[in-house]
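*Asks:* Please find coords-v2.tsv (TSV, C-alpha atoms and all ligand atoms) on the next line:
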chain	number	residue	atom	x	y	z
O	2	MET	CA	16.80	-20.88	42.48
O	3	ARG	CA	20.36	-20.87	43.76
O	4	ILE	CA	20.25	-19.44	47.27
O	5	GLY	CA	23.07	-18.54	49.65
O	6	ILE	CA	22.21	-18.73	53.37
O	7	THR	CA	24.25	-17.24	56.19
O	8	CYS	CA	23.45	-17.81	59.86
O	9	TYR	CA	25.02	-18.52	63.22
O	10	PRO	CA	25.79	-22.20	62.88
O	11	THR	CA	25.82	-23.05	66.57
O	12	TYR	CA	22.84	-23.70	68.83
O	13	GLY	CA	20.23	-20.97	68.77
O	14	GLY	CA	16.83	-20.38	67.24
O	15	SER	CA	17.96	-18.22	64.32
O	16	GLY	CA	20.49	-20.86	63.20
O	17	VAL	CA	17.87	-23.59	63.57
O	18	VAL	CA	15.36	-21.68	61.44
O	19	ALA	CA	17.99	-20.91	58.78
O	20	THR	CA	19.17	-24.51	58.63
O	21	GLU	CA	15.67	-25.99	58.53
O	22	LEU	CA	14.79	-23.47	55.81
O	23	GLY	CA	17.81	-24.58	53.75
O	24	ILE	CA	16.82	-28.23	54.16
O	25	GLU	CA	13.21	-27.50	53.11
O	26	LEU	CA	14.32	-25.36	50.14
O	27	ALA	CA	16.64	-28.12	48.94
O	28	ALA	CA	13.78	-30.61	49.26
O	29	LEU	CA	11.75	-28.32	46.98
O	30	GLY	CA	14.53	-28.56	44.38
O	31	HIS	CA	16.41	-25.33	45.05
O	32	GLU	CA	20.21	-25.30	45.29
O	33	VAL	CA	21.28	-24.09	48.72
O	34	HIS	CA	24.73	-22.82	49.73
O	35	PHE	CA	25.41	-22.26	53.43
O	36	ILE	CA	28.17	-19.74	54.10
O	37	SER	CA	29.37	-19.59	57.70
O	38	TYR	CA	32.35	-20.17	60.00
O	39	SER	CA	31.31	-23.75	60.71
O	40	GLN	CA	28.78	-26.20	59.41
O	41	PRO	CA	25.29	-25.57	60.89
O	42	PHE	CA	24.75	-28.29	63.47
O	43	ARG	CA	21.55	-29.71	62.00
O	44	LEU	CA	23.21	-30.42	58.63
O	45	SER	CA	24.55	-33.90	58.12
O	46	GLY	CA	27.07	-32.81	55.47
O	47	ARG	CA	25.52	-35.18	52.95
O	48	ASP	CA	22.18	-33.49	52.32
O	49	GLU	CA	21.25	-33.49	48.65
O	50	GLY	CA	21.12	-30.03	47.08
O	51	ILE	CA	22.95	-28.46	50.03
O	52	HIS	CA	26.50	-27.17	49.94
O	53	TYR	CA	28.54	-25.76	52.76
O	54	HIS	CA	31.25	-23.10	52.34
O	55	GLU	CA	33.39	-22.36	55.37
O	56	VAL	CA	34.55	-18.81	56.05
O	57	PRO	CA	38.21	-18.92	57.02
O	58	VAL	CA	39.07	-16.19	59.51
O	59	SER	CA	42.80	-15.73	59.76
O	60	SER	CA	44.33	-14.07	62.73
O	61	TYR	CA	47.25	-11.67	62.79
O	62	PRO	CA	49.14	-10.24	65.79
O	63	LEU	CA	47.78	-6.79	64.93
O	64	PHE	CA	44.18	-7.95	65.19
O	65	GLU	CA	42.85	-8.00	68.70
O	66	PHE	CA	39.52	-8.91	67.06
O	67	PRO	CA	39.81	-10.86	63.78
O	68	PRO	CA	37.40	-9.18	61.31
O	69	TYR	CA	34.93	-12.03	60.65
O	70	ASP	CA	32.46	-9.73	58.94
O	71	LEU	CA	35.04	-8.87	56.24
O	72	ALA	CA	36.07	-12.48	55.72
O	73	LEU	CA	32.37	-13.35	55.45
O	74	ALA	CA	31.74	-10.60	52.88
O	75	SER	CA	34.66	-11.83	50.74
O	76	ARG	CA	33.46	-15.41	50.92
O	77	MET	CA	29.87	-14.43	50.14
O	78	ALA	CA	31.00	-12.62	47.00
O	79	GLU	CA	33.21	-15.53	45.93
O	80	VAL	CA	30.58	-18.20	46.55
O	81	ALA	CA	27.94	-16.12	44.77
O	82	GLU	CA	30.16	-15.64	41.74
O	83	TYR	CA	31.48	-19.21	41.46
O	84	ASN	CA	28.05	-20.77	42.00
O	85	ASP	CA	26.02	-18.17	40.16
O	86	LEU	CA	23.77	-17.48	43.15
O	87	ASP	CA	20.48	-15.71	42.55
O	88	LEU	CA	20.32	-14.21	46.02
O	89	LEU	CA	21.60	-14.32	49.58
O	90	HIS	CA	19.40	-14.82	52.62
O	91	VAL	CA	21.05	-13.77	55.88
O	92	HIS	CA	19.65	-14.64	59.32
O	93	TYR	CA	20.26	-12.29	62.26
O	94	ALA	CA	21.22	-8.82	61.14
O	95	ILE	CA	24.49	-8.42	63.06
O	96	PRO	CA	26.88	-8.61	61.26
O	97	HIS	CA	25.42	-10.75	58.47
O	98	SER	CA	23.41	-8.06	56.70
O	99	VAL	CA	26.41	-5.71	56.70
O	100	SER	CA	28.60	-8.41	55.14
O	101	ALA	CA	25.91	-9.13	52.54
O	102	LEU	CA	25.72	-5.43	51.71
O	103	LEU	CA	29.48	-5.38	51.09
O	104	ALA	CA	29.32	-8.53	48.97
O	105	ARG	CA	26.53	-7.00	46.89
O	106	GLN	CA	28.60	-3.86	46.33
O	107	MET	CA	31.72	-5.83	45.41
O	108	LEU	CA	29.85	-7.80	42.77
O	109	ALA	CA	28.08	-4.70	41.44
O	110	THR	CA	31.46	-3.32	40.38
O	111	ARG	CA	31.65	-6.30	38.03
O	112	ASN	CA	28.09	-5.79	36.80
O	113	ARG	CA	26.82	-8.78	38.71
O	114	ARG	CA	23.64	-8.52	40.71
O	115	LEU	CA	23.41	-10.15	44.14
O	116	PRO	CA	20.27	-9.10	46.04
O	117	PHE	CA	20.00	-10.08	49.69
O	118	VAL	CA	17.17	-10.72	52.13
O	119	THR	CA	17.69	-10.09	55.85
O	120	THR	CA	15.63	-11.99	58.40
O	121	LEU	CA	15.44	-10.38	61.82
O	122	HIS	CA	15.10	-12.91	64.64
O	123	GLY	CA	15.01	-11.12	67.96
O	124	THR	CA	17.89	-9.78	69.98
O	125	ASP	CA	19.45	-8.38	66.78
O	126	ILE	CA	16.65	-5.81	67.19
O	127	THR	CA	15.55	-5.89	70.83
O	128	LEU	CA	18.93	-6.11	72.58
O	129	VAL	CA	22.26	-6.23	70.71
O	130	GLY	CA	21.01	-4.05	67.89
O	131	LEU	CA	20.06	-1.30	70.33
O	132	ASP	CA	23.66	-1.00	71.51
O	133	ARG	CA	24.91	2.33	70.14
O	134	SER	CA	28.01	0.63	68.72
O	135	TYR	CA	25.84	-1.43	66.40
O	136	LEU	CA	22.61	0.52	65.94
O	137	PRO	CA	23.56	2.91	63.12
O	138	ILE	CA	25.15	0.25	60.92
O	139	THR	CA	22.43	-2.30	61.63
O	140	LYS	CA	19.77	0.24	60.72
O	141	TYR	CA	21.66	1.08	57.52
O	142	ALA	CA	22.01	-2.57	56.49
O	143	ILE	CA	18.32	-3.28	57.20
O	144	GLN	CA	17.28	-0.23	55.22
O	145	GLU	CA	19.57	-1.19	52.31
O	146	SER	CA	18.54	-4.87	52.18
O	147	ASP	CA	16.65	-5.90	49.06
O	148	GLY	CA	14.12	-7.65	51.29
O	149	VAL	CA	13.52	-7.79	55.03
O	150	THR	CA	11.49	-10.32	56.98
O	151	CYS	CA	10.63	-10.55	60.68
O	152	ILE	CA	9.52	-13.66	62.54
O	153	SER	CA	6.50	-12.02	64.22
O	154	ASN	CA	4.35	-8.90	64.10
O	155	TYR	CA	5.80	-7.98	67.47
O	156	LEU	CA	9.32	-7.90	66.03
O	157	LYS	CA	8.20	-5.93	63.00
O	158	GLU	CA	6.68	-3.27	65.26
O	159	LYS	CA	9.87	-3.14	67.38
O	160	THR	CA	12.02	-2.78	64.26
O	161	ILE	CA	9.99	0.19	63.11
O	162	GLU	CA	9.82	1.70	66.62
O	163	HIS	CA	13.48	1.27	67.64
O	164	PHE	CA	15.19	1.68	64.29
O	165	GLY	CA	12.84	4.05	62.50
O	166	VAL	CA	12.99	1.73	59.51
O	167	THR	CA	10.79	3.06	56.73
O	168	ARG	CA	11.13	0.29	54.15
O	169	GLY	CA	8.65	-2.60	53.79
O	170	ILE	CA	9.01	-5.55	56.15
O	171	GLU	CA	7.36	-8.92	55.56
O	172	VAL	CA	6.32	-11.10	58.50
O	173	VAL	CA	7.24	-14.74	57.93
O	174	THR	CA	6.84	-16.72	61.13
O	175	ASN	CA	8.99	-19.53	62.48
O	176	PHE	CA	7.90	-22.92	61.20
O	177	VAL	CA	8.18	-26.59	62.07
O	178	ASN	CA	8.29	-29.70	59.95
O	179	CYS	CA	5.16	-31.44	61.24
O	180	ASP	CA	6.32	-34.80	59.82
O	181	VAL	CA	9.55	-34.69	61.84
O	182	TYR	CA	8.14	-33.04	64.98
O	183	THR	CA	5.31	-35.43	65.76
O	184	PRO	CA	3.81	-37.02	68.85
O	185	ILE	CA	4.38	-40.72	69.48
O	186	THR	CA	0.89	-41.94	68.66
O	187	ASP	CA	1.40	-45.53	69.78
O	188	GLU	CA	0.81	-45.21	73.57
O	189	ALA	CA	2.77	-48.38	74.37
O	190	LYS	CA	5.79	-47.03	72.47
O	191	ARG	CA	5.48	-43.66	74.22
O	192	ILE	CA	5.39	-45.29	77.65
O	193	GLU	CA	8.43	-47.39	76.75
O	194	ALA	CA	10.38	-44.39	75.37
O	195	ARG	CA	9.59	-42.27	78.46
O	196	LYS	CA	11.21	-44.87	80.68
O	197	ARG	CA	14.65	-43.50	79.83
O	198	LEU	CA	13.69	-40.21	81.52
O	199	ALA	CA	11.19	-41.07	84.26
O	200	SER	CA	9.25	-43.84	85.99
O	201	PRO	CA	5.80	-44.55	84.56
O	202	ASN	CA	3.93	-42.60	87.26
O	203	GLU	CA	6.08	-39.47	86.94
O	204	ALA	CA	5.39	-36.38	84.85
O	205	ILE	CA	8.14	-35.04	82.59
O	206	LEU	CA	8.68	-31.28	82.39
O	207	MET	CA	11.10	-30.10	79.75
O	208	HIS	CA	13.04	-26.95	78.90
O	209	LEU	CA	14.92	-26.30	75.66
O	210	SER	CA	17.10	-23.24	75.10
O	211	ASN	CA	20.59	-21.83	74.85
O	212	PHE	CA	20.55	-21.00	78.60
O	213	ARG	CA	21.16	-17.29	78.10
O	214	PRO	CA	19.89	-14.90	80.81
O	215	VAL	CA	16.91	-13.96	78.59
O	216	LYS	CA	15.64	-17.55	78.94
O	217	ARG	CA	15.41	-17.37	82.78
O	218	VAL	CA	16.50	-20.98	83.28
O	219	VAL	CA	16.61	-20.42	87.04
O	220	ASP	CA	12.84	-19.83	86.93
O	221	VAL	CA	12.49	-23.21	85.23
O	222	VAL	CA	14.06	-24.88	88.27
O	223	LYS	CA	11.98	-22.75	90.67
O	224	VAL	CA	8.73	-23.68	88.91
O	225	PHE	CA	9.70	-27.34	88.89
O	226	ALA	CA	10.55	-27.27	92.61
O	227	LYS	CA	6.98	-26.18	93.35
O	228	VAL	CA	5.45	-28.74	90.98
O	229	VAL	CA	7.43	-31.68	92.35
O	230	ARG	CA	6.19	-30.92	95.86
O	231	GLU	CA	2.70	-31.86	94.65
O	232	VAL	CA	3.17	-34.50	91.95
O	233	PRO	CA	5.95	-37.00	91.16
O	234	ALA	CA	7.96	-35.51	88.30
O	235	GLN	CA	11.30	-35.17	86.55
O	236	LEU	CA	12.75	-32.07	84.89
O	237	VAL	CA	14.75	-32.46	81.69
O	238	LEU	CA	16.78	-29.49	80.46
O	239	VAL	CA	18.05	-29.58	76.90
O	240	GLY	CA	20.75	-27.17	75.74
O	241	ASP	CA	23.61	-25.36	77.33
O	242	GLY	CA	24.85	-21.86	77.94
O	243	PRO	CA	25.88	-19.24	80.48
O	244	ASP	CA	23.09	-19.80	83.04
O	245	ARG	CA	23.45	-23.56	83.30
O	246	SER	CA	25.64	-23.47	86.41
O	247	ALA	CA	23.23	-21.13	88.24
O	248	ALA	CA	20.39	-23.55	87.47
O	249	GLU	CA	22.49	-26.54	88.57
O	250	TRP	CA	23.41	-24.78	91.80
O	251	LEU	CA	19.76	-24.00	92.55
O	252	ALA	CA	18.68	-27.60	91.94
O	253	HIS	CA	21.31	-28.72	94.47
O	254	ASP	CA	20.41	-25.96	96.91
O	255	LEU	CA	16.74	-26.99	96.79
O	256	GLY	CA	17.70	-30.65	97.20
O	257	ILE	CA	16.00	-31.72	93.95
O	258	GLN	CA	19.17	-32.43	91.96
O	259	ASN	CA	18.23	-36.10	91.52
O	260	ARG	CA	15.12	-35.06	89.64
O	261	VAL	CA	16.75	-32.38	87.47
O	262	HIS	CA	18.61	-33.64	84.41
O	263	PHE	CA	20.86	-31.47	82.29
O	264	LEU	CA	21.24	-33.26	78.95
O	265	GLY	CA	23.41	-30.56	77.35
O	266	LYS	CA	23.24	-29.82	73.63
O	267	GLN	CA	21.22	-32.43	71.77
O	268	GLU	CA	20.87	-32.76	68.03
O	269	ARG	CA	17.77	-34.96	67.92
O	270	VAL	CA	15.38	-32.79	69.91
O	271	HIS	CA	12.45	-34.11	67.87
O	272	GLU	CA	12.97	-37.46	69.61
O	273	LEU	CA	13.01	-35.91	73.09
O	274	LEU	CA	10.11	-33.45	72.87
O	275	PRO	CA	7.32	-36.03	72.39
O	276	LEU	CA	8.36	-37.63	75.69
O	277	ALA	CA	7.45	-34.52	77.70
O	278	ASP	CA	4.15	-33.59	79.34
O	279	ILE	CA	4.90	-29.89	79.60
O	280	MET	CA	7.39	-27.46	78.07
O	281	LEU	CA	8.57	-24.65	80.38
O	282	MET	CA	9.49	-21.40	78.60
O	283	PRO	CA	9.60	-18.63	81.26
O	284	SER	CA	11.65	-16.24	79.07
O	285	GLU	CA	12.16	-12.55	79.74
O	286	LEU	CA	11.53	-12.03	76.03
O	287	GLU	CA	10.83	-14.17	72.97
O	288	SER	CA	10.23	-12.64	69.58
O	289	PHE	CA	8.52	-15.87	68.63
O	290	GLY	CA	9.41	-18.91	70.78
O	291	LEU	CA	10.49	-21.69	68.40
O	292	ALA	CA	10.96	-24.22	71.23
O	293	ALA	CA	7.28	-23.86	72.18
O	294	LEU	CA	6.24	-24.38	68.56
O	295	GLU	CA	8.37	-27.52	68.22
O	296	ALA	CA	6.81	-28.80	71.46
O	297	MET	CA	3.27	-27.96	70.26
O	298	ALA	CA	3.82	-29.96	67.10
O	299	CYS	CA	4.66	-32.92	69.36
O	300	LYS	CA	1.44	-32.35	71.37
O	301	VAL	CA	3.30	-30.84	74.33
O	302	PRO	CA	1.68	-27.67	75.72
O	303	SER	CA	3.85	-24.86	77.06
O	304	ILE	CA	3.75	-22.97	80.31
O	305	ALA	CA	5.28	-19.73	79.09
O	306	THR	CA	5.51	-16.00	79.61
O	307	CYS	CA	3.25	-13.58	77.80
O	308	VAL	CA	6.06	-11.64	76.14
O	309	GLY	CA	7.02	-10.42	72.66
O	310	GLY	CA	5.63	-12.63	69.90
O	311	VAL	CA	4.62	-15.53	72.18
O	312	PRO	CA	0.88	-14.61	72.18
O	313	GLU	CA	1.00	-14.78	68.36
O	314	LEU	CA	1.92	-18.45	68.75
O	315	ILE	CA	0.22	-19.57	71.96
O	316	ASP	CA	-3.47	-18.96	72.50
O	317	ASP	CA	-3.63	-18.60	76.31
O	318	GLY	CA	-5.86	-21.30	77.79
O	319	GLU	CA	-6.23	-23.09	74.45
O	320	THR	CA	-2.79	-24.20	73.30
O	321	GLY	CA	-0.77	-23.30	76.41
O	322	LEU	CA	-0.82	-21.10	79.50
O	323	LEU	CA	0.78	-17.66	79.67
O	324	TYR	CA	2.03	-15.73	82.72
O	325	SER	CA	3.92	-12.58	83.60
O	326	VAL	CA	7.71	-12.74	83.63
O	327	GLY	CA	8.89	-14.09	87.01
O	328	ASP	CA	5.44	-15.37	88.08
O	329	VAL	CA	6.87	-18.64	89.36
O	330	ASP	CA	3.83	-19.36	91.55
O	331	GLY	CA	1.44	-18.84	88.64
O	332	MET	CA	3.47	-21.03	86.28
O	333	ALA	CA	3.73	-23.82	88.87
O	334	ALA	CA	-0.03	-23.65	89.54
O	335	GLY	CA	-0.66	-23.71	85.78
O	336	ALA	CA	1.55	-26.76	85.29
O	337	LEU	CA	-0.18	-28.53	88.18
O	338	SER	CA	-3.62	-27.67	86.83
O	339	LEU	CA	-2.76	-29.41	83.57
O	340	LEU	CA	-0.99	-32.38	85.12
O	341	THR	CA	-3.96	-33.11	87.37
O	342	ASP	CA	-6.67	-32.61	84.75
O	343	LYS	CA	-6.23	-35.26	82.06
O	344	SER	CA	-9.18	-34.07	80.01
O	345	ARG	CA	-7.95	-30.44	79.83
O	346	MET	CA	-4.44	-31.65	79.08
O	347	GLY	CA	-5.78	-33.87	76.28
O	348	THR	CA	-7.73	-31.02	74.68
O	349	MET	CA	-4.72	-28.72	74.85
O	350	ARG	CA	-2.41	-31.33	73.36
O	351	GLU	CA	-4.73	-31.77	70.36
O	352	ALA	CA	-5.27	-28.01	69.92
O	353	GLY	CA	-1.53	-27.37	69.91
O	354	ARG	CA	-0.81	-29.94	67.23
O	355	LYS	CA	-3.66	-28.57	65.12
O	356	THR	CA	-2.31	-25.01	65.39
O	357	ALA	CA	1.17	-26.16	64.41
O	358	GLN	CA	-0.22	-27.97	61.38
O	359	LYS	CA	-2.64	-25.26	60.28
O	360	ARG	CA	-0.52	-22.15	60.78
O	361	PHE	CA	3.14	-22.96	61.27
O	362	CYS	CA	3.90	-26.05	59.22
O	363	ALA	CA	7.00	-25.85	57.02
O	364	SER	CA	4.87	-26.77	54.01
O	365	LEU	CA	2.91	-23.52	54.50
O	366	VAL	CA	5.62	-21.13	55.65
O	367	VAL	CA	8.57	-22.07	53.41
O	368	PRO	CA	6.63	-21.22	50.21
O	369	GLN	CA	6.11	-17.73	51.71
O	370	TYR	CA	9.89	-17.29	51.72
O	371	VAL	CA	10.08	-18.58	48.12
O	372	ARG	CA	7.40	-16.13	46.99
O	373	TYR	CA	9.24	-13.34	48.76
O	374	TYR	CA	12.52	-14.28	47.02
O	375	GLU	CA	10.68	-14.14	43.69
O	376	GLU	CA	9.34	-10.68	44.50
O	377	VAL	CA	12.80	-9.47	45.45
O	378	LEU	CA	14.30	-10.87	42.25
O	379	ALA	CA	11.51	-9.39	40.13
O	380	ALA	CA	11.95	-5.97	41.74
O	381	GLY	CA	15.55	-5.71	40.52
Z	401	LIG	O1	17.42	-13.12	69.13
Z	401	LIG	C1	17.98	-14.07	69.68
Z	401	LIG	O2	18.07	-14.26	70.87
Z	401	LIG	C2	18.61	-15.03	68.77
Z	401	LIG	C3	17.75	-16.08	68.28
Z	401	LIG	C4	18.59	-17.28	68.44
Z	401	LIG	O3	19.44	-17.46	67.57
Z	401	LIG	O4	18.44	-18.00	69.42
Z	401	LIG	O5	16.48	-16.28	68.94
Z	401	LIG	C5	15.39	-15.62	68.37
Z	401	LIG	O6	15.08	-16.30	67.17
Z	401	LIG	C6	14.28	-17.48	67.28
Z	401	LIG	C7	14.10	-18.04	65.87
Z	401	LIG	O7	13.57	-17.11	64.99
Z	401	LIG	C8	12.97	-17.13	67.96
Z	401	LIG	O8	12.10	-18.24	68.00
Z	401	LIG	C9	13.28	-16.63	69.38
Z	401	LIG	O9	12.07	-16.25	70.00
Z	401	LIG	C10	14.22	-15.44	69.31
Z	401	LIG	N1	14.71	-15.13	70.67
Z	401	LIG	C11	14.41	-13.99	71.29
Z	401	LIG	O10	13.72	-13.12	70.80
Z	401	LIG	C12	14.99	-13.82	72.65
So, in terms of structure tokens, how does the structure I just supplied come out?

*Replies:*
Amino acid sequence: MRIGITCYPTYGGSGVVATELGIELAALGHEVHFISYSQPFRLSGRDEGIHYHEVPVSSYPLFEFPPYDLALASRMAEVAEYNDLDLLHVHYAIPHSVSALLARQMLATRNRRLPFVTTLHGTDITLVGLDRSYLPITKYAIQESDGVTCISNYLKEKTIEHFGVTRGIEVVTNFVNCDVYTPITDEAKRIEARKRLASPNEAILMHLSNFRPVKRVVDVVKVFAKVVREVPAQLVLVGDGPDRSAAEWLAHDLGIQNRVHFLGKQERVHELLPLADIMLMPSELESFGLAALEAMACKVPSIATCVGGVPELIDDGETGLLYSVGDVDGMAAGALSLLTDKSRMGTMREAGRKTAQKRFCASLVVPQYVRYYEEVLAAG
């Protein structure tokens, strides 16, 4: 198949999923065309079977807000025509599904079919999409899509509840490449690699996100402050975003700044995750929780909140520990209970990796997308 993919190319779970999907599809022999305003950050630019088409957005003194969605629609139609695309797959509804709808209509006037699949990722439904300025058009574009997928049952239910969507929605979960996201099995190598982040007797707690308020990064620091009172530890925060300075300030205020390391945006997270003992994901909401899945695949259990689609990924007490939003004491106690019980930690590490391999491995999930594309194409 020749597949066009549109996503937010910067750091964020929906862009990561879209990019990894493109890479996996290309590896299966499909031709993949990314269409976005900049190259998705996980693409090297030299990946076989993958092409990147930039969307130029020109400004004009009249435009207070340059209309990216229109430029994207034009580019989608062009790329589809010139490369004979079979379908478009857009990630995050706003504004991508609206642009795809326009591109489909433009090509239809020339008797060319361009079906599109919309994948809903989270705040496009639970937050931004609920804004009255976006809700009616988002609902329309979802309803008019040739196929719609959601990353969890939770998000599917919310889409139906909030948007009154009546069309079919397929649940295709987030996935992880279990050959890339792997634990370091050679213990000597793991000990050596951890030295760049901590001394041998110290635990490593990690957080990975885009530091938006929904991620509650300040809670990460609060939890760590309680943990480090009891056991020697270091906190490593990967990513960047609006709440970074609040988290930095708190680390200084609590006097633990020497143990809290902000690494900023990192491209090779699969090399960092296996170095951690615990992943902290105290989010206000997660429709799935990709960071926890990537950690699980590396045998790193998560201390997380029991919100949204997280319980569909983490089996509380088996592959991680779940708490209420803001329960800093509970999360700290949970982290300490794992760090001080090697046998429980070991069992959880193994169970997490097994779950990632059995239920969320790219080799299982990506074919679900391919089958769905085939259904959408056949329905036309
Ligand atoms: O909805 C968002 O916040 C955007 C999106 C992103 O680009 O970061 O995150 C969502 O998509 C991820 C990938 O499908 C999921 O793993 C995240 O749980 C989800 N975030 C939220 O629901 C807050």

*Asks:* Counting all atoms listed in the file, give me one row per residue of chain O with an atom at most 6 Å from an atom of ligand LIG 401 (chain Z), showing the shortest contact pair and its distance in Å to one decimal, sorted by chain then residue number, as CSV.

*Replies:*
residue,atom,partner,partner_atom,distance
O:Gly13,CA,Z:LIG401,O4,3.5
O:Gly14,CA,Z:LIG401,O4,3.6
O:Ser15,CA,Z:LIG401,O3,3.7
O:Gly16,CA,Z:LIG401,O3,5.6
O:Val18,CA,Z:LIG401,C7,5.9
O:His122,CA,Z:LIG401,O6,4.2
O:Gly123,CA,Z:LIG401,O1,3.3
O:Thr124,CA,Z:LIG401,O1,3.5
O:Asp125,CA,Z:LIG401,O1,5.7
O:Ile152,CA,Z:LIG401,O7,5.9
O:Asn175,CA,Z:LIG401,O7,5.8
O:Leu286,CA,Z:LIG401,C12,5.2
O:Glu287,CA,Z:LIG401,O10,3.8
O:Ser288,CA,Z:LIG401,O10,3.7
O:Phe289,CA,Z:LIG401,O9,3.8
O:Gly290,CA,Z:LIG401,O9,3.8
O:Leu291,CA,Z:LIG401,O8,3.8

*Asks:* Name all residues at most 12 Å from segment 126-129 of chain O (count all atoms listed in the file; drop same-chain ones fewer than 2 positions away) and give them as number ranges by chain.

*Replies:* O: 93-96, 120-124, 131-137, 139-140, 143, 151-152, 155-166, 215, 285-288, 309

*Asks:* From the options O:Leu73, O:Val222, O:Leu115, O:Val326, which residue's atoms come nearest to Arg3 of chain O, counting all atoms listed in the file?

*Replies:* O:Leu115

*Asks:* Of the residues O:Val221, O:Ala380, O:Phe66, O:Arg168, which is the one nearest to Ser146 of chain O, using only C-alpha atoms?

*Replies:*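 Nearest to Ser146 of chain O: O:Arg168.
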
*Asks:* So, counting all atoms listed in the file, which residue among O:Asn202, O:Asn211, O:Asn84, O:Ser39 is closest to Leu340 of chain O?

*Replies:*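 The answer is O:Asn202, which sits nearest to Leu340 of chain O.
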
*Asks:* So which residues touch Val232 of chain O within 12 Å, counting all atoms listed in the file, skipping near sequence neighbours fewer than 3 positions away, as a ChimeraX atom specification?

*Replies:* /O:202-206,225-229,235,333-334,336-341

*Asks:* Go through O:Val301, O:Ala74, O:Ile6, O:Val58 and flag the residue nearest Asp87 of chain O, using only C-alpha atoms for the distances.

*Replies:* O:Ile6

*Asks:* Could you work out how far atom CA of Pro275 of chain O lies from atom CA of Asp316 of chain O, giving the answer in Å with one decimal?

*Replies:*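 Straight-line distance from atom CA of Asp316 of chain O to atom CA of Pro275 of chain O works out to 20.2 Å.
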
*Asks:* So how many Å separate atom CA of His54 of chain O and atom CA of His34 of chain O, to one decimal?

*Replies:*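 Value for the atom CA of His54 of chain O-atom CA of His34 of chain O distance: 7.0 Å.
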
*Asks:* Mind checking which residues fall within 9 Å of Gly169 of chain O, counting all atoms listed in the file, ignoring those fewer than 4 positions away in the same chain, and posting them as a list in words?

*Replies:*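 Counting all atoms listed in the file, the residues come to Gly148, Val149 and Thr150 of chain O.
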
*Asks:* Quick one: everything within 12 Å of Leu378 of chain O, counting all atoms listed in the file, minus sequence neighbours fewer than 3 positions away in the same chain. Send it as JSON, numbers by chain.

*Replies:* {"O": [2, 3, 4, 86, 87, 88, 89, 114, 115, 116, 117, 118, 147, 148, 371, 372, 373, 374, 375, 381]}

*Asks:* Got a sec: who's within 8 Å of segment 244-246 of chain O, counting only C-alpha atoms, leaving out chain neighbours fewer than 6 positions off, as an MDAnalysis selection string?

*Replies:* chainID O and resid 212:214 218:219

*Asks:* Please, what is the axis-aligned box for every listed atom of segment 218-232 of chain O with 8 Å on each side, as centre and edge lengths in Å to one decimal, as AutoDock Vina command-line options?

*Replies:*
--center_x 9.7 --center_y -27.2 --center_z 89.6 --size_x 29.9 --size_y 30.7 --size_z 28.6

*Asks:* Nearest to Thr186 of chain O among O:Leu238, O:Cys299, O:Ala78, O:Met280, with distances taken over all atoms listed in the file: which residue is it?

*Replies:*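 Ranking O:Leu238, O:Cys299, O:Ala78, O:Met280 by distance to Thr186 of chain O, first place goes to O:Cys299.
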